[in-house]
>>> print(open('my_file_36.txt').read())   # compact mmCIF, C-alpha atoms and all ligand atoms
# COMPACT_ATOMS: atom_id res chain seq x y z
CA MET A 1 0.00 0.00 0.00
CA LYS A 2 1.26 3.49 -0.86
CA GLN A 3 2.60 5.35 2.21
CA MET A 4 1.14 8.86 2.49
CA VAL A 5 2.91 11.69 4.36
CA GLU A 6 0.56 13.88 6.37
CA PRO A 7 0.09 17.25 4.58
CA TRP A 8 1.34 19.20 7.63
CA LEU A 9 4.49 17.06 7.72
CA ALA A 10 5.05 17.55 3.98
CA SER A 11 4.90 21.33 4.53
CA VAL A 12 7.44 21.11 7.35
CA ILE A 13 9.77 18.96 5.21
CA CYS A 14 9.43 21.40 2.31
CA LEU A 15 10.16 24.34 4.57
CA LEU A 16 13.22 22.68 6.09
CA THR A 17 14.65 21.45 2.81
CA SER A 18 14.06 24.77 1.02
CA ASP A 19 15.88 26.54 3.84
CA LEU A 20 18.71 24.04 4.02
CA MET A 21 19.17 23.44 0.32
CA PRO A 22 18.90 26.61 -1.75
CA LEU A 23 19.06 26.01 -5.49
CA PRO A 24 22.62 26.09 -6.83
CA PRO A 25 23.33 29.46 -8.44
CA LEU A 26 23.36 29.65 -12.23
CA LEU A 27 24.77 32.20 -14.66
CA ALA A 28 22.77 32.90 -17.82
CA PRO A 29 24.82 35.16 -20.12
CA SER A 30 22.58 37.27 -22.36
CA LEU A 31 23.07 36.87 -26.09
CA LEU A 32 21.81 40.44 -26.54
CA ALA A 33 25.31 41.65 -25.63
CA GLY A 34 27.00 39.14 -27.94
CA ASP A 35 28.20 39.65 -31.51
CA HIS A 36 25.04 39.85 -33.63
CA ALA A 37 27.07 39.19 -36.77
CA ASN A 38 28.23 35.91 -35.24
CA LEU A 39 25.82 34.74 -32.59
CA ALA A 40 27.00 31.13 -32.86
CA ALA A 41 30.50 32.25 -31.80
CA SER A 42 29.01 34.19 -28.89
CA ALA A 43 27.07 31.09 -27.80
CA ARG A 44 30.29 29.06 -28.02
CA ALA A 45 32.05 31.60 -25.79
CA VAL A 46 29.33 30.98 -23.19
CA ALA A 47 29.61 27.20 -23.44
CA ASP A 48 33.42 27.36 -23.34
CA CYS A 49 33.41 29.03 -19.94
CA GLY A 50 31.14 26.34 -18.52
CA ALA A 51 27.90 28.36 -18.24
CA PRO A 52 25.09 25.90 -19.05
CA TRP A 53 22.41 28.54 -19.80
CA LEU A 54 22.08 31.14 -22.55
CA HIS A 55 19.57 33.96 -22.03
CA CYS A 56 17.81 34.89 -25.28
CA ASP A 57 16.02 38.27 -25.31
CA ILE A 58 13.14 38.43 -27.76
CA MET A 59 11.76 41.95 -28.38
CA ASP A 60 8.89 42.98 -30.64
CA GLY A 61 9.08 46.80 -30.86
CA HIS A 62 5.64 46.99 -29.13
CA PHE A 63 5.96 45.69 -25.59
CA VAL A 64 9.46 47.17 -25.54
CA PRO A 65 10.88 49.87 -27.83
CA ASN A 66 13.47 47.63 -29.51
CA LEU A 67 13.75 44.64 -31.84
CA THR A 68 16.02 41.63 -31.58
CA PHE A 69 15.65 38.17 -33.08
CA GLY A 70 13.08 35.41 -33.40
CA PRO A 71 12.70 31.63 -33.30
CA GLU A 72 14.76 31.18 -36.47
CA THR A 73 17.82 32.46 -34.60
CA LEU A 74 17.36 29.86 -31.86
CA ALA A 75 16.92 27.13 -34.48
CA ALA A 76 20.10 28.33 -36.21
CA LEU A 77 22.03 28.13 -32.93
CA ARG A 78 20.84 24.53 -32.56
CA ARG A 79 21.87 23.74 -36.14
CA ALA A 80 25.28 25.25 -35.36
CA GLY A 81 25.59 22.67 -32.58
CA SER A 82 24.72 24.64 -29.46
CA LYS A 83 23.62 22.39 -26.59
CA LEU A 84 23.10 25.29 -24.18
CA PHE A 85 19.90 25.52 -22.15
CA LEU A 86 18.03 28.28 -23.99
CA ASP A 87 16.43 30.55 -21.40
CA THR A 88 14.04 32.47 -23.64
CA HIS A 89 12.72 35.81 -22.39
CA LEU A 90 9.74 36.92 -24.48
CA MET A 91 9.25 40.69 -24.31
CA LEU A 92 6.20 40.57 -26.54
CA ALA A 93 2.79 42.24 -26.45
CA GLU A 94 1.18 38.94 -27.51
CA PRO A 95 3.51 36.18 -26.31
CA GLN A 96 0.77 33.55 -26.47
CA LYS A 97 1.04 33.64 -30.29
CA TYR A 98 4.70 32.63 -30.37
CA ILE A 99 5.00 29.81 -27.83
CA GLY A 100 4.80 27.05 -30.45
CA PRO A 101 7.49 28.48 -32.76
CA PHE A 102 9.94 29.03 -29.88
CA ALA A 103 9.36 25.55 -28.44
CA GLN A 104 9.82 24.08 -31.92
CA ALA A 105 13.02 26.10 -32.42
CA GLY A 106 14.67 24.54 -29.36
CA ALA A 107 13.86 26.80 -26.41
CA ASN A 108 14.22 24.95 -23.07
CA LEU A 109 12.52 27.55 -20.91
CA ILE A 110 10.09 30.23 -22.08
CA SER A 111 9.33 33.21 -19.85
CA ILE A 112 6.36 35.51 -20.45
CA HIS A 113 5.58 38.90 -18.91
CA ILE A 114 2.65 39.48 -16.57
CA GLU A 115 1.96 43.03 -17.84
CA PRO A 116 0.07 42.46 -21.13
CA ALA A 117 -3.51 41.15 -20.85
CA TYR A 118 -3.85 37.54 -22.05
CA ASP A 119 -4.42 34.14 -20.45
CA HIS A 120 -1.23 33.92 -18.37
CA ARG A 121 -2.03 30.65 -16.61
CA GLY A 122 -3.20 28.98 -19.82
CA THR A 123 -0.09 30.13 -21.67
CA LEU A 124 2.20 28.82 -18.91
CA ALA A 125 0.43 25.47 -19.06
CA ARG A 126 0.79 25.38 -22.84
CA ILE A 127 4.54 26.06 -22.56
CA ARG A 128 4.82 23.00 -20.31
CA ARG A 129 2.65 20.87 -22.59
CA LEU A 130 5.12 21.66 -25.38
CA GLY A 131 7.90 20.18 -23.25
CA CYS A 132 9.53 23.41 -22.04
CA GLN A 133 9.91 24.88 -18.58
CA CYS A 134 7.95 28.09 -18.01
CA GLY A 135 8.65 31.39 -16.31
CA ILE A 136 6.76 34.56 -15.39
CA VAL A 137 8.40 38.00 -15.57
CA VAL A 138 7.71 41.25 -13.69
CA ASN A 139 8.85 44.69 -14.80
CA PRO A 140 10.33 47.12 -12.24
CA GLY A 141 7.04 49.03 -11.96
CA THR A 142 4.94 45.90 -11.44
CA PRO A 143 4.42 44.71 -7.85
CA ALA A 144 5.28 41.17 -6.78
CA SER A 145 1.64 40.69 -5.77
CA SER A 146 0.69 40.63 -9.48
CA ILE A 147 2.28 37.19 -9.89
CA GLU A 148 1.61 35.73 -6.46
CA HIS A 149 -1.27 33.56 -7.75
CA LEU A 150 1.00 31.97 -10.39
CA LEU A 151 3.91 30.92 -8.17
CA GLY A 152 2.77 27.30 -8.02
CA ASP A 153 2.56 27.12 -11.83
CA VAL A 154 6.08 28.19 -12.83
CA ASP A 155 9.65 26.88 -12.97
CA LEU A 156 11.12 30.38 -12.77
CA VAL A 157 10.24 33.91 -11.70
CA LEU A 158 12.20 36.65 -13.44
CA VAL A 159 12.44 39.98 -11.64
CA MET A 160 13.56 42.69 -14.06
CA THR A 161 16.21 44.88 -12.47
CA VAL A 162 16.03 47.39 -15.34
CA GLN A 163 13.16 48.54 -17.53
CA PRO A 164 13.39 45.96 -20.35
CA GLY A 165 14.36 46.90 -23.90
CA PHE A 166 18.08 47.57 -23.82
CA GLY A 167 21.26 46.12 -22.42
CA GLY A 168 23.81 48.15 -20.51
CA GLN A 169 21.42 49.99 -18.16
CA PRO A 170 22.19 50.63 -14.47
CA PHE A 171 20.94 48.09 -11.91
CA ARG A 172 17.78 49.06 -10.01
CA ARG A 173 18.69 48.51 -6.36
CA ASP A 174 15.09 49.29 -5.42
CA MET A 175 14.17 45.83 -6.79
CA LEU A 176 15.92 44.06 -3.89
CA PRO A 177 12.83 44.18 -1.59
CA LYS A 178 10.80 42.56 -4.40
CA LEU A 179 13.31 39.70 -4.54
CA ARG A 180 13.12 39.24 -0.76
CA GLU A 181 9.33 39.21 -0.91
CA ILE A 182 9.17 36.55 -3.65
CA ASP A 183 11.91 34.48 -2.00
CA GLY A 184 9.94 34.67 1.26
CA TRP A 185 6.82 33.29 -0.44
CA ARG A 186 8.91 30.56 -2.06
CA ARG A 187 10.27 29.42 1.31
CA ALA A 188 6.97 29.74 3.14
CA ARG A 189 5.19 27.62 0.52
CA GLY A 190 8.00 25.12 -0.05
CA LEU A 191 8.16 25.97 -3.77
CA ASP A 192 11.25 25.33 -5.85
CA PHE A 193 11.02 27.75 -8.79
CA ARG A 194 14.20 29.56 -9.73
CA LEU A 195 14.42 33.28 -8.95
CA GLU A 196 16.17 35.10 -11.78
CA VAL A 197 17.41 38.68 -12.10
CA ASP A 198 18.01 40.48 -15.37
CA GLY A 199 19.50 43.90 -16.02
CA GLY A 200 22.65 45.61 -14.79
CA ILE A 201 24.00 42.42 -13.24
CA ASP A 202 27.76 42.37 -12.60
CA LEU A 203 29.93 40.81 -9.90
CA ALA A 204 28.86 43.37 -7.28
CA THR A 205 25.12 43.58 -8.03
CA ALA A 206 24.92 39.78 -8.40
CA ARG A 207 26.13 39.48 -4.81
CA GLU A 208 23.37 41.83 -3.59
CA CYS A 209 20.75 39.90 -5.56
CA ARG A 210 21.95 36.54 -4.22
CA ALA A 211 21.78 37.87 -0.67
CA ALA A 212 18.14 38.85 -1.44
CA GLY A 213 17.28 35.33 -2.66
CA ALA A 214 18.09 35.31 -6.39
CA ASP A 215 19.77 32.15 -7.70
CA THR A 216 19.76 32.71 -11.46
CA LEU A 217 21.81 35.60 -12.80
CA VAL A 218 21.45 37.06 -16.28
CA ALA A 219 24.53 39.02 -17.30
CA GLY A 220 24.88 40.65 -20.72
CA THR A 221 27.30 43.56 -20.85
CA SER A 222 29.39 42.49 -17.86
CA PHE A 223 29.86 38.93 -19.21
CA PHE A 224 30.72 39.82 -22.81
CA LYS A 225 33.03 42.67 -21.72
CA ALA A 226 34.93 40.42 -19.31
CA ALA A 227 38.41 39.69 -20.68
CA ASP A 228 38.47 36.35 -18.84
CA LYS A 229 34.92 34.99 -19.14
CA ALA A 230 35.68 31.74 -17.30
CA ALA A 231 37.05 33.71 -14.33
CA PHE A 232 33.96 35.95 -14.42
CA ALA A 233 31.66 32.90 -14.47
CA ALA A 234 33.51 31.30 -11.55
CA GLU A 235 33.57 34.52 -9.52
CA ILE A 236 29.87 35.39 -9.95
CA LEU A 237 28.90 31.92 -8.66
CA ARG A 238 31.41 31.83 -5.79
CA PRO A 239 29.75 31.21 -2.40
CA ALA A 240 29.42 34.38 -0.31
C1 LIG B 1 16.95 43.85 -21.11
C2 LIG B 1 17.18 42.38 -21.32
C3 LIG B 1 18.38 41.88 -20.64
C4 LIG B 1 19.68 42.46 -21.11
C5 LIG B 1 20.54 42.63 -19.91
O1 LIG B 1 15.75 44.20 -21.70
O2 LIG B 1 16.06 41.63 -20.86
O3 LIG B 1 18.46 40.46 -20.69
O4 LIG B 1 20.36 41.66 -22.04
O5 LIG B 1 21.67 43.29 -20.30
P1 LIG B 1 22.73 43.85 -19.26
O6 LIG B 1 23.27 42.67 -18.52
O7 LIG B 1 23.73 44.51 -20.14
O8 LIG B 1 22.00 44.81 -18.38
ZN ZN B 2 16.25 39.34 -20.60
>>> encode(input="my_file_36.txt", output="structure tokens", more="lines below")
Ligand code: DX5
Ligand code: ZN
Amino acid sequence: MKQMVEPWLASVICLLTSDLMPLPPLLAPSLLAGDHANLAASARAVADCGAPWLHCDIMDGHFVPNLTFGPETLAALRRAGSKLFLDTHLMLAEPQKYIGPFAQAGANLISIHIEPAYDHRGTLARIRRLGCQCGIVVNPGTPASSIEHLLGDVDLVLVMTVQPGFGGQPFRRDMLPKLREIDGWRRARGLDFRLEVDGGIDLATARECRAAGADTLVAGTSFFKAADKAAFAAEILRPA
């Protein structure tokens, strides 16, 4: 007969394990700061320094005032041999229309913003049905409470630490309380989604974000400007 653990005991175990075993930190270099004339080489530079994730910023000129690349670029990276985990950040006014093409192109995780009006929960479920992990993203001006009801439905929460649209912007230190709030909910509920930060992340700001509960660090400018990328990757993940 199947042994059942009492629900109260399961909550206690979750609480204890989430406190004792935080998720290992991960670096996700952002391709946006790579060489757009040779994105495959930029992806190789990420793989060569041992970072398993590649953050892919998809912009539509509507939700954000900039344009980048689409699913064909991800498919081309796969054809060029990239085995990186493609962490795909959709900055789109209508992300629900593009889930299929990005999953088909080889995305491993697809994150969608909470701000536009569409069926968020249904879209997250569809991302999972297509075999990808799913994430929800909040802009700096959007409170954490806007995504609280979705925390049990996601593999990742992305807290933007700049207004999205461009790389190279200064880190928004006023986002640290939002990280603490979401990390607090994660612990209290025994959830295991990753907590990612994106925008203005370098060795110093990464440390502040990790102290506030973030475990997944997107770094564009700071990573691609680093002369020794392997040393940068090792240093940003070094235990405090
Ligand atoms: C901003 C993008 C970021 C960007 C971060 O809209 O979502 O991923 O690449 O770039 P840096 O690290 O340069 O701030
Ligand atoms: Zn991003």
>>> atom_distance(input="my_file_36.txt", atom1="CA of Glu208 in chain A", atom2="CA of Arg173 in chain A")
8.6 Å
>>> residues_near_ligand(input="my_file_36.txt", ligand="ligand LIG 1 (chain B)", cutoff="8 Å", atoms="all atoms listed in the file", output="ChimeraX atom specification")
/A:29-33,55-57,64,89,91,160,162-171,198-202,218-223
>>> atom_distance(input="my_file_36.txt", atom1="CA of Leu23 in chain A", atom2="CA of Ser145 in chain A")
22.8 Å
>>> residues_around(input="my_file_36.txt", residues="Met59 in chain A", least_positions_apart="6", cutoff="9 Å", atoms="all atoms listed in the file", output="mmCIF file with C-alpha atoms, in the coordinates of the input")
data_model
loop_
_atom_site.group_PDB
_atom_site.id
_atom_site.type_symbol
_atom_site.label_atom_id
_atom_site.label_comp_id
_atom_site.auth_asym_id
_atom_site.auth_seq_id
_atom_site.Cartn_x
_atom_site.Cartn_y
_atom_site.Cartn_z
ATOM 1 C CA PRO A 65 10.880 49.870 -27.830
ATOM 2 C CA ASN A 66 13.470 47.630 -29.510
ATOM 3 C CA LEU A 67 13.750 44.640 -31.840
ATOM 4 C CA THR A 68 16.020 41.630 -31.580
ATOM 5 C CA PHE A 69 15.650 38.170 -33.080
ATOM 6 C CA GLY A 70 13.080 35.410 -33.400
ATOM 7 C CA HIS A 89 12.720 35.810 -22.390
ATOM 8 C CA LEU A 90 9.740 36.920 -24.480
ATOM 9 C CA MET A 91 9.250 40.690 -24.310
ATOM 10 C CA LEU A 92 6.200 40.570 -26.540
ATOM 11 C CA GLY A 165 14.360 46.900 -23.900
#
>>> atom_distance(input="my_file_36.txt", atom1="CA of Asn38 in chain A", atom2="CA of Gly106 in chain A")
18.6 Å
>>> residues_near_point(input="my_file_36.txt", point="(10.4, 37.4, -6.2)", cutoff="7 Å", atoms="only C-alpha atoms", output="JSON, numbers by chain")
{"A": [144, 157, 159, 178, 179, 180, 181, 182, 183, 195]}
>>> closest_residue(input="my_file_36.txt", among="A:Gly184, A:Gly152, A:Gly131, A:Pro101", to="Pro71 in chain A", atoms="all atoms listed in the file")
A:Pro101
>>> closest_residue(input="my_file_36.txt", among="A:Ala206, A:Pro140, A:Ala234, A:Phe224", to="Ala41 in chain A", atoms="all atoms listed in the file")
A:Phe224
>>> closest_residue(input="my_file_36.txt", among="A:Glu196, A:Asp60, A:Asp35, A:Asp87", to="Ala212 in chain A", atoms="all atoms listed in the file")
A:Glu196
>>> closest_residue(input="my_file_36.txt", among="A:Gln133, A:Asn108, A:Thr161, A:Ser82", to="ligand ZN 2 (chain B)", atoms="only C-alpha atoms and all ligand atoms")
A:Thr161
>>> residues_around(input="my_file_36.txt", residues="Ala204 in chain A", least_positions_apart="5", cutoff="12 Å", atoms="only C-alpha atoms", output="list in words")
Phe171, Arg173, Cys209, Arg210, Ala211, Leu217, Ala219, Ser222, Phe232, Glu235, Ile236, Leu237, Arg238 and Ala240 of chain A
>>> residues_around(input="my_file_36.txt", residues="Phe85 in chain A", least_positions_apart="4", cutoff="12 Å", atoms="all atoms listed in the file", output="list in words")
Leu26, Leu27, Ala28, Pro29, Ala43, Val46, Ala47, Gly50, Ala51, Pro52, Trp53, Leu54, His55, Cys56, Leu74, Leu77, Arg78, Gly106, Ala107, Asn108, Leu109, Ile110, Cys132 and Gln133 of chain A
>>> closest_residue(input="my_file_36.txt", among="A:Glu148, A:Arg128, A:Asp153, A:Phe63", to="Glu115 in chain A", atoms="only C-alpha atoms")
A:Phe63
>>> closest_residue(input="my_file_36.txt", among="A:Ala231, A:Met175, A:Met21, A:Ala45", to="Asp192 in chain A", atoms="only C-alpha atoms")
A:Met21
>>> axis_aligned_box(input="my_file_36.txt", around="range 95-108 of chain A", padding_each_side="5 Å", output="lines of an AutoDock Vina configuration file")
center_x = 7.7
center_y = 30.1
center_z = -27.9
size_x = 23.9
size_y = 22.1
size_z = 19.7
>>> residues_around(input="my_file_36.txt", residues="Ala117 in chain A", least_positions_apart="3", cutoff="9 Å", atoms="only C-alpha atoms", output="MDAnalysis selection string")
chainID A and resid 93:94 114 120
>>> build_atoms(input="my_file_36.txt", residues="range 200-211 of chain A", atoms="all heavy atoms", output="PDB file, in the frame of the given file")
ATOM      1  N   GLY A 200      21.642  44.945 -15.619  1.00  0.00           N
ATOM      2  CA  GLY A 200      22.650  45.610 -14.790  1.00  0.00           C
ATOM      3  C   GLY A 200      23.356  44.673 -13.822  1.00  0.00           C
ATOM      4  O   GLY A 200      23.884  45.113 -12.794  1.00  0.00           O
ATOM      5  N   ILE A 201      23.374  43.378 -14.152  1.00  0.00           N
ATOM      6  CA  ILE A 201      24.000  42.420 -13.240  1.00  0.00           C
ATOM      7  C   ILE A 201      25.503  42.310 -13.538  1.00  0.00           C
ATOM      8  O   ILE A 201      25.909  42.038 -14.674  1.00  0.00           O
ATOM      9  CB  ILE A 201      23.328  41.023 -13.341  1.00  0.00           C
ATOM     10  CG1 ILE A 201      21.826  41.121 -13.015  1.00  0.00           C
ATOM     11  CG2 ILE A 201      24.035  40.014 -12.426  1.00  0.00           C
ATOM     12  CD1 ILE A 201      21.479  41.613 -11.624  1.00  0.00           C
ATOM     13  N   ASP A 202      26.303  42.562 -12.513  1.00  0.00           N
ATOM     14  CA  ASP A 202      27.760  42.370 -12.600  1.00  0.00           C
ATOM     15  C   ASP A 202      28.193  41.671 -11.314  1.00  0.00           C
ATOM     16  O   ASP A 202      27.340  41.235 -10.526  1.00  0.00           O
ATOM     17  CB  ASP A 202      28.493  43.708 -12.822  1.00  0.00           C
ATOM     18  CG  ASP A 202      28.191  44.729 -11.725  1.00  0.00           C
ATOM     19  OD1 ASP A 202      27.774  44.321 -10.620  1.00  0.00           O
ATOM     20  OD2 ASP A 202      28.383  45.930 -11.961  1.00  0.00           O
ATOM     21  N   LEU A 203      29.483  41.570 -11.074  1.00  0.00           N
ATOM     22  CA  LEU A 203      29.930  40.810  -9.900  1.00  0.00           C
ATOM     23  C   LEU A 203      29.370  41.400  -8.601  1.00  0.00           C
ATOM     24  O   LEU A 203      28.972  40.660  -7.699  1.00  0.00           O
ATOM     25  CB  LEU A 203      31.460  40.761  -9.851  1.00  0.00           C
ATOM     26  CG  LEU A 203      32.134  39.999 -11.007  1.00  0.00           C
ATOM     27  CD1 LEU A 203      33.652  40.070 -10.873  1.00  0.00           C
ATOM     28  CD2 LEU A 203      31.663  38.549 -11.075  1.00  0.00           C
ATOM     29  N   ALA A 204      29.310  42.735  -8.521  1.00  0.00           N
ATOM     30  CA  ALA A 204      28.860  43.370  -7.280  1.00  0.00           C
ATOM     31  C   ALA A 204      27.340  43.272  -7.118  1.00  0.00           C
ATOM     32  O   ALA A 204      26.842  42.889  -6.041  1.00  0.00           O
ATOM     33  CB  ALA A 204      29.292  44.836  -7.260  1.00  0.00           C
ATOM     34  N   THR A 205      26.596  43.591  -8.173  1.00  0.00           N
ATOM     35  CA  THR A 205      25.120  43.580  -8.030  1.00  0.00           C
ATOM     36  C   THR A 205      24.604  42.145  -7.918  1.00  0.00           C
ATOM     37  O   THR A 205      23.587  41.901  -7.262  1.00  0.00           O
ATOM     38  CB  THR A 205      24.444  44.326  -9.193  1.00  0.00           C
ATOM     39  OG1 THR A 205      24.846  43.728 -10.432  1.00  0.00           O
ATOM     40  CG2 THR A 205      24.821  45.792  -9.196  1.00  0.00           C
ATOM     41  N   ALA A 206      25.315  41.193  -8.524  1.00  0.00           N
ATOM     42  CA  ALA A 206      24.920  39.780  -8.400  1.00  0.00           C
ATOM     43  C   ALA A 206      24.963  39.366  -6.929  1.00  0.00           C
ATOM     44  O   ALA A 206      24.091  38.642  -6.442  1.00  0.00           O
ATOM     45  CB  ALA A 206      25.845  38.894  -9.223  1.00  0.00           C
ATOM     46  N   ARG A 207      25.975  39.822  -6.227  1.00  0.00           N
ATOM     47  CA  ARG A 207      26.130  39.480  -4.810  1.00  0.00           C
ATOM     48  C   ARG A 207      24.928  40.003  -3.998  1.00  0.00           C
ATOM     49  O   ARG A 207      24.370  39.306  -3.161  1.00  0.00           O
ATOM     50  CB  ARG A 207      27.438  40.114  -4.304  1.00  0.00           C
ATOM     51  CG  ARG A 207      28.006  39.516  -3.071  1.00  0.00           C
ATOM     52  CD  ARG A 207      29.508  39.551  -3.094  1.00  0.00           C
ATOM     53  NE  ARG A 207      30.036  38.502  -3.955  1.00  0.00           N
ATOM     54  CZ  ARG A 207      30.291  37.251  -3.560  1.00  0.00           C
ATOM     55  NH1 ARG A 207      30.075  36.909  -2.308  1.00  0.00           N
ATOM     56  NH2 ARG A 207      30.757  36.359  -4.399  1.00  0.00           N
ATOM     57  N   GLU A 208      24.527  41.244  -4.299  1.00  0.00           N
ATOM     58  CA  GLU A 208      23.370  41.830  -3.590  1.00  0.00           C
ATOM     59  C   GLU A 208      22.101  41.043  -3.889  1.00  0.00           C
ATOM     60  O   GLU A 208      21.278  40.795  -3.009  1.00  0.00           O
ATOM     61  CB  GLU A 208      23.168  43.280  -4.017  1.00  0.00           C
ATOM     62  CG  GLU A 208      24.263  44.217  -3.573  1.00  0.00           C
ATOM     63  CD  GLU A 208      23.968  45.648  -4.019  1.00  0.00           C
ATOM     64  OE1 GLU A 208      22.982  46.227  -3.531  1.00  0.00           O
ATOM     65  OE2 GLU A 208      24.717  46.179  -4.854  1.00  0.00           O
ATOM     66  N   CYS A 209      21.958  40.642  -5.160  1.00  0.00           N
ATOM     67  CA  CYS A 209      20.750  39.900  -5.560  1.00  0.00           C
ATOM     68  C   CYS A 209      20.733  38.521  -4.911  1.00  0.00           C
ATOM     69  O   CYS A 209      19.690  38.039  -4.470  1.00  0.00           O
ATOM     70  CB  CYS A 209      20.677  39.761  -7.084  1.00  0.00           C
ATOM     71  SG  CYS A 209      20.358  41.323  -7.907  1.00  0.00           S
ATOM     72  N   ARG A 210      21.894  37.878  -4.843  1.00  0.00           N
ATOM     73  CA  ARG A 210      21.950  36.540  -4.220  1.00  0.00           C
ATOM     74  C   ARG A 210      21.610  36.646  -2.739  1.00  0.00           C
ATOM     75  O   ARG A 210      20.899  35.799  -2.193  1.00  0.00           O
ATOM     76  CB  ARG A 210      23.314  35.902  -4.442  1.00  0.00           C
ATOM     77  CG  ARG A 210      23.483  35.423  -5.895  1.00  0.00           C
ATOM     78  CD  ARG A 210      24.818  34.781  -6.123  1.00  0.00           C
ATOM     79  NE  ARG A 210      24.972  33.561  -5.339  1.00  0.00           N
ATOM     80  CZ  ARG A 210      26.109  32.895  -5.210  1.00  0.00           C
ATOM     81  NH1 ARG A 210      27.205  33.335  -5.818  1.00  0.00           N
ATOM     82  NH2 ARG A 210      26.172  31.797  -4.506  1.00  0.00           N
ATOM     83  N   ALA A 211      22.092  37.696  -2.102  1.00  0.00           N
ATOM     84  CA  ALA A 211      21.780  37.870  -0.670  1.00  0.00           C
ATOM     85  C   ALA A 211      20.275  38.087  -0.479  1.00  0.00           C
ATOM     86  O   ALA A 211      19.722  37.772   0.578  1.00  0.00           O
ATOM     87  CB  ALA A 211      22.557  39.056  -0.113  1.00  0.00           C
TER      88      ALA A 211
END
